[in-house]
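Before any comments, here is the structure.
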Amino acid sequence: MALLPKDEQVGRVGCQHSWPCYGKPAIIFHDRGKIFTSERARQVLVDRLGIITEQAPPYAPSAKGTVENLFRWMTQRFERRLPNTSYGIHDAKVSAEAGGMTLEELERCFIQAVVDDYQQAWDELRRQRRAVLWEQAAAQSGVPQYLGYPDDLKLLLMKAQNRKRPGQGYQVADTNRLSFHGRWYVCPGLLSRLKGREFEVYFDRRDISVLYLFVDGIYVGEAYCPQLMGSRVSEWEARAMRKHDEKQAKLARSQGREVRARIQDEAAHARKRRSTEIRANEQARQWDRQREEIHPAEVTERLADIETKKLAPPKIKRAVPDADADRPVRTLRVQLGEERLS
């Protein structure tokens, strides 16, 4: 966005003013961030674009006061005015849950704030609007322009995700699919030709629905994620989506275990009931086989006698006293302490 014109971004987010600031800088005065000190940054900025990089001294914010002033404007004039921010609440999690924003919504608000607020604000030190100051400086000294293709610049500045060990590079699975960060990417015509070959993967952290593939440093094509097709999903949003999906999947698995246990218990009780019914039916069938026409009269009389005995009340014999009931009874003596009773 720094090197190319920004008319497309301004029209997309609906800004009221233009954004004239673009061009290839001669010197980048940066801090010790990895994005500036990495080998990839040196290859792109110095070797490919011809930009001089100069590192600021450590712990010296006054050396880059213009950038620090912009950071102060972002924290005090932009972040605190977003809906449901944590400023004054001291609970960022609750604020994020109450008014979460997608990266696309945040980018739209940020571009509008830069174009319509920051650049149109009055600079007390230079006594002029910042947008007018840029136009005057550009008319006086000029700004070098980037003369390459926009697609080449986009690929140069993308993040590279490559494996370090030789022989362990990205390869095609199932002849037409590529696994990247837990998601499948497809491009049948391209990936079929790359079967068995190692390649490098480049992607835009603001939109990981598309992967850009390189073989030996040469751009060969793109691979798309069917799960994210039709939507722009950043790397951070995809990570949050995965955490949410894992949480919901864990909850669904726990509920499924309870349902399966309940079904198993019901199946066991049903099996017991079925066994009882089978035994009752078999007993009824056995009794049903005792029909009169297939048995002689003696057997029929015997069965009737058995049924009569089952239905008759039980007979209790009359109590008869013993024959020696009139014999003398011997009384036992009980001893309590020193006294004896008889």
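Residues in the structure tokens are numbered from 1 in each chain, the chains being A, B, ... in the order shown, and ligands are numbered from 1 in the order shown.
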* For A:Arg130, please output as a PyMOL selection string all residues within 9 Å (counting only C-alpha atoms; exclusion window: fewer than 3 positions along the same chain). => chain A and resi 118-123+126+133-135
Output the selection as a tab-separated table (two decimals), in the first residue's frame - all heavy atoms for each residue.
```tsv
chain	number	residue	atom	x	y	z
A	118	TYR	N	-6.64	11.98	10.03
A	118	TYR	CA	-5.22	12.26	10.29
A	118	TYR	C	-4.63	13.18	9.22
A	118	TYR	O	-3.97	14.18	9.52
A	118	TYR	CB	-4.44	10.97	10.37
A	118	TYR	CG	-2.97	11.17	10.65
A	118	TYR	CD1	-2.52	11.50	11.93
A	118	TYR	CD2	-2.03	11.05	9.62
A	118	TYR	CE1	-1.17	11.69	12.18
A	118	TYR	CE2	-0.69	11.25	9.87
A	118	TYR	CZ	-0.26	11.57	11.14
A	118	TYR	OH	1.07	11.77	11.38
A	119	GLN	N	-4.86	12.86	7.95
A	119	GLN	CA	-4.25	13.66	6.89
A	119	GLN	C	-4.91	15.04	6.75
A	119	GLN	O	-4.28	15.97	6.24
A	119	GLN	CB	-4.36	12.92	5.55
A	119	GLN	CG	-3.47	11.71	5.47
A	119	GLN	CD	-3.47	11.10	4.08
A	119	GLN	OE1	-4.28	11.45	3.24
A	119	GLN	NE2	-2.55	10.18	3.84
A	120	GLN	N	-6.13	15.17	7.19
A	120	GLN	CA	-6.81	16.47	7.09
A	120	GLN	C	-6.65	17.30	8.37
A	120	GLN	O	-7.17	18.42	8.43
A	120	GLN	CB	-8.30	16.25	6.82
A	120	GLN	CG	-8.58	15.45	5.56
A	120	GLN	CD	-7.98	16.08	4.32
A	120	GLN	OE1	-7.96	17.32	4.19
A	120	GLN	NE2	-7.49	15.24	3.40
A	121	ALA	N	-5.94	16.76	9.38
A	121	ALA	CA	-5.75	17.50	10.63
A	121	ALA	C	-4.70	18.62	10.43
A	121	ALA	O	-3.86	18.57	9.52
A	121	ALA	CB	-5.33	16.56	11.75
A	122	TRP	N	-4.74	19.58	11.31
A	122	TRP	CA	-3.83	20.72	11.24
A	122	TRP	C	-2.54	20.40	11.98
A	122	TRP	O	-2.55	19.99	13.13
A	122	TRP	CB	-4.49	21.95	11.86
A	122	TRP	CG	-3.66	23.19	11.79
A	122	TRP	CD1	-2.86	23.70	12.76
A	122	TRP	CD2	-3.55	24.08	10.68
A	122	TRP	NE1	-2.25	24.85	12.35
A	122	TRP	CE2	-2.66	25.12	11.06
A	122	TRP	CE3	-4.11	24.12	9.40
A	122	TRP	CZ2	-2.33	26.18	10.22
A	122	TRP	CZ3	-3.77	25.17	8.56
A	122	TRP	CH2	-2.90	26.17	8.98
A	123	ASP	N	-1.41	20.59	11.30
A	123	ASP	CA	-0.09	20.38	11.89
A	123	ASP	C	0.38	21.71	12.48
A	123	ASP	O	0.70	22.66	11.75
A	123	ASP	CB	0.90	19.87	10.84
A	123	ASP	CG	2.19	19.36	11.46
A	123	ASP	OD1	2.61	19.90	12.52
A	123	ASP	OD2	2.79	18.42	10.89
A	126	ARG	N	4.15	22.78	11.48
A	126	ARG	CA	4.36	23.26	10.12
A	126	ARG	C	3.26	24.21	9.64
A	126	ARG	O	3.34	24.73	8.54
A	126	ARG	CB	4.45	22.07	9.16
A	126	ARG	CG	5.59	21.11	9.51
A	126	ARG	CD	5.56	19.88	8.61
A	126	ARG	NE	6.64	18.97	8.90
A	126	ARG	CZ	6.59	18.00	9.81
A	126	ARG	NH1	5.49	17.86	10.56
A	126	ARG	NH2	7.62	17.20	10.00
A	133	LEU	N	0.76	19.43	2.98
A	133	LEU	CA	2.21	19.35	3.14
A	133	LEU	C	2.81	18.27	2.25
A	133	LEU	O	3.89	18.45	1.65
A	133	LEU	CB	2.56	19.08	4.61
A	133	LEU	CG	2.28	20.23	5.58
A	133	LEU	CD1	2.52	19.79	7.01
A	133	LEU	CD2	3.16	21.43	5.26
A	134	TRP	N	2.13	17.12	2.15
A	134	TRP	CA	2.62	16.06	1.26
A	134	TRP	C	2.64	16.51	-0.20
A	134	TRP	O	3.62	16.29	-0.92
A	134	TRP	CB	1.76	14.81	1.42
A	134	TRP	CG	2.01	13.79	0.34
A	134	TRP	CD1	1.34	13.67	-0.84
A	134	TRP	CD2	3.04	12.80	0.33
A	134	TRP	NE1	1.87	12.65	-1.59
A	134	TRP	CE2	2.92	12.09	-0.89
A	134	TRP	CE3	4.03	12.44	1.22
A	134	TRP	CZ2	3.77	11.04	-1.22
A	134	TRP	CZ3	4.87	11.39	0.89
A	134	TRP	CH2	4.74	10.69	-0.31
A	135	GLU	N	1.59	17.14	-0.66
A	135	GLU	CA	1.52	17.58	-2.05
A	135	GLU	C	2.58	18.63	-2.35
A	135	GLU	O	3.20	18.62	-3.42
A	135	GLU	CB	0.13	18.13	-2.34
A	135	GLU	CG	-0.97	17.08	-2.29
A	135	GLU	CD	-2.34	17.68	-2.51
A	135	GLU	OE1	-2.41	18.93	-2.60
A	135	GLU	OE2	-3.33	16.92	-2.61
```
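Here the question is which of A:Ile278, A:Leu332, A:Ile51, A:Ala270 gets nearest to A:Pro144 using only C-alpha atoms, and that residue is A:Ile51.
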Exercise. List every residue of stretch 185-214 of chain A that DSSP, applied to the backbone of this structure, assigns to alpha helix (DSSP H), and report them as a ChimeraX atom specification.
Key: /A:188-193
Please return, as number ranges by chain, all residues of stretch 175-257 of chain A that DSSP assigns to strand (DSSP E or B) on the basis of the backbone.
A: 177-180, 183-186, 199-204, 207-215, 218-224
Write the residues of the preceding selection, restricted to C-alpha atoms, as a PDB file, in the first residue's frame.
```
ATOM      1  CA  ARG A 177      -4.825 -31.628  -2.687  1.00  0.00           C
ATOM      2  CA  LEU A 178      -2.421 -29.614  -0.533  1.00  0.00           C
ATOM      3  CA  SER A 179      -2.593 -29.503   3.260  1.00  0.00           C
ATOM      4  CA  PHE A 180      -1.635 -26.155   4.789  1.00  0.00           C
ATOM      5  CA  ARG A 183      -6.917 -26.948   5.712  1.00  0.00           C
ATOM      6  CA  TRP A 184      -7.049 -28.478   2.254  1.00  0.00           C
ATOM      7  CA  TYR A 185      -6.230 -26.422  -0.840  1.00  0.00           C
ATOM      8  CA  VAL A 186      -7.066 -27.595  -4.322  1.00  0.00           C
ATOM      9  CA  PHE A 199       7.626 -26.211  -3.827  1.00  0.00           C
ATOM     10  CA  GLU A 200       7.465 -23.051  -1.730  1.00  0.00           C
ATOM     11  CA  VAL A 201       4.283 -21.504  -0.372  1.00  0.00           C
ATOM     12  CA  TYR A 202       3.575 -17.760  -0.142  1.00  0.00           C
ATOM     13  CA  PHE A 203       0.403 -16.271   1.302  1.00  0.00           C
ATOM     14  CA  ASP A 204      -1.150 -12.983   2.355  1.00  0.00           C
ATOM     15  CA  ASP A 207      -6.372 -13.459   3.193  1.00  0.00           C
ATOM     16  CA  ILE A 208      -5.306 -17.093   3.522  1.00  0.00           C
ATOM     17  CA  SER A 209      -7.996 -18.436   1.193  1.00  0.00           C
ATOM     18  CA  VAL A 210      -5.380 -18.336  -1.602  1.00  0.00           C
ATOM     19  CA  LEU A 211      -1.864 -19.794  -1.647  1.00  0.00           C
ATOM     20  CA  TYR A 212       0.792 -18.768  -4.174  1.00  0.00           C
ATOM     21  CA  LEU A 213       3.126 -21.591  -5.202  1.00  0.00           C
ATOM     22  CA  PHE A 214       6.751 -21.254  -6.334  1.00  0.00           C
ATOM     23  CA  VAL A 215       9.050 -23.926  -7.740  1.00  0.00           C
ATOM     24  CA  ILE A 218       9.495 -19.265 -10.125  1.00  0.00           C
ATOM     25  CA  TYR A 219       5.814 -18.505  -9.677  1.00  0.00           C
ATOM     26  CA  VAL A 220       3.732 -21.409 -11.052  1.00  0.00           C
ATOM     27  CA  GLY A 221       0.148 -20.777  -9.875  1.00  0.00           C
ATOM     28  CA  GLU A 222      -2.359 -20.554  -7.036  1.00  0.00           C
ATOM     29  CA  ALA A 223      -4.235 -22.999  -4.823  1.00  0.00           C
ATOM     30  CA  TYR A 224      -7.601 -22.234  -3.229  1.00  0.00           C
TER      31      TYR A 224
END
```
Discussion item. Using only C-alpha atoms, which protein or nucleic acid residues come within 9 Å of stretch 3-13 of chain A? Drop anything in the same chain fewer than 2 positions from it, and give the result as a PyMOL selection string.
Written reply: chain A and resi 1+15-25+107-109+111-112+115+145-146+150+153
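Across the structure, atom CA of A:Leu49 and atom CA of A:Leu147 are spaced 10.1 Å apart.
Shell of stretch 62-74 of chain A at 12 Å, with only C-alpha atoms counted and residues fewer than 3 places along the chain excluded, is Ile28, Phe29, His30, Asp31, Glu54, Gln55, Ala56, Pro57, Pro58, Tyr59, Arg77, Phe78, Glu79, Arg80, Arg81, Leu82, Cys109, Phe110, Ile111, Ala113, Val114, Asp117, Tyr118, Gln119, Ala121, Asp123 and Leu125 of chain A.
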Output C-alpha atoms for every residue in that selection, as a PDB file, in the first residue's frame.
```
ATOM      1  CA  ILE A  28      13.454   3.155   5.349  1.00  0.00           C
ATOM      2  CA  PHE A  29      14.376   4.151   8.902  1.00  0.00           C
ATOM      3  CA  HIS A  30      13.180   1.187  10.967  1.00  0.00           C
ATOM      4  CA  ASP A  31      13.497  -0.348  14.388  1.00  0.00           C
ATOM      5  CA  GLU A  54      18.769   2.147   8.233  1.00  0.00           C
ATOM      6  CA  GLN A  55      18.177   0.828  11.735  1.00  0.00           C
ATOM      7  CA  ALA A  56      17.289   3.274  14.502  1.00  0.00           C
ATOM      8  CA  PRO A  57      19.319   3.243  17.718  1.00  0.00           C
ATOM      9  CA  PRO A  58      17.790   1.103  20.488  1.00  0.00           C
ATOM     10  CA  TYR A  59      15.701   2.709  23.235  1.00  0.00           C
ATOM     11  CA  ARG A  77      -7.682   9.249  18.558  1.00  0.00           C
ATOM     12  CA  PHE A  78      -8.517   5.979  16.816  1.00  0.00           C
ATOM     13  CA  GLU A  79      -8.521   2.954  19.144  1.00  0.00           C
ATOM     14  CA  ARG A  80     -10.400   4.628  21.992  1.00  0.00           C
ATOM     15  CA  ARG A  81     -13.196   5.684  19.676  1.00  0.00           C
ATOM     16  CA  LEU A  82     -13.949   2.203  18.414  1.00  0.00           C
ATOM     17  CA  CYS A 109     -12.382   2.132   9.848  1.00  0.00           C
ATOM     18  CA  PHE A 110      -8.617   2.596   9.959  1.00  0.00           C
ATOM     19  CA  ILE A 111      -8.359   3.756   6.334  1.00  0.00           C
ATOM     20  CA  ALA A 113      -9.525   7.560   9.981  1.00  0.00           C
ATOM     21  CA  VAL A 114      -6.172   8.025   8.215  1.00  0.00           C
ATOM     22  CA  ASP A 117      -9.007  12.545   9.984  1.00  0.00           C
ATOM     23  CA  TYR A 118      -5.223  12.263  10.289  1.00  0.00           C
ATOM     24  CA  GLN A 119      -4.253  13.664   6.887  1.00  0.00           C
ATOM     25  CA  ALA A 121      -5.747  17.505  10.631  1.00  0.00           C
ATOM     26  CA  ASP A 123      -0.090  20.377  11.893  1.00  0.00           C
ATOM     27  CA  LEU A 125       4.532  22.741  13.898  1.00  0.00           C
TER      28      LEU A 125
END
```
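Shortest atom-to-atom contact with A:Arg32 among A:Ala261, A:Leu103, A:Ala267, A:Ala60: A:Ala60, counting only C-alpha atoms.
Take atom CA of A:Gly189 and atom CA of A:Ser234: the distance between them is 26.0 Å.
Between atom CA of A:Ala2 and atom CA of A:Gly148 lies a distance of 14.0 Å.
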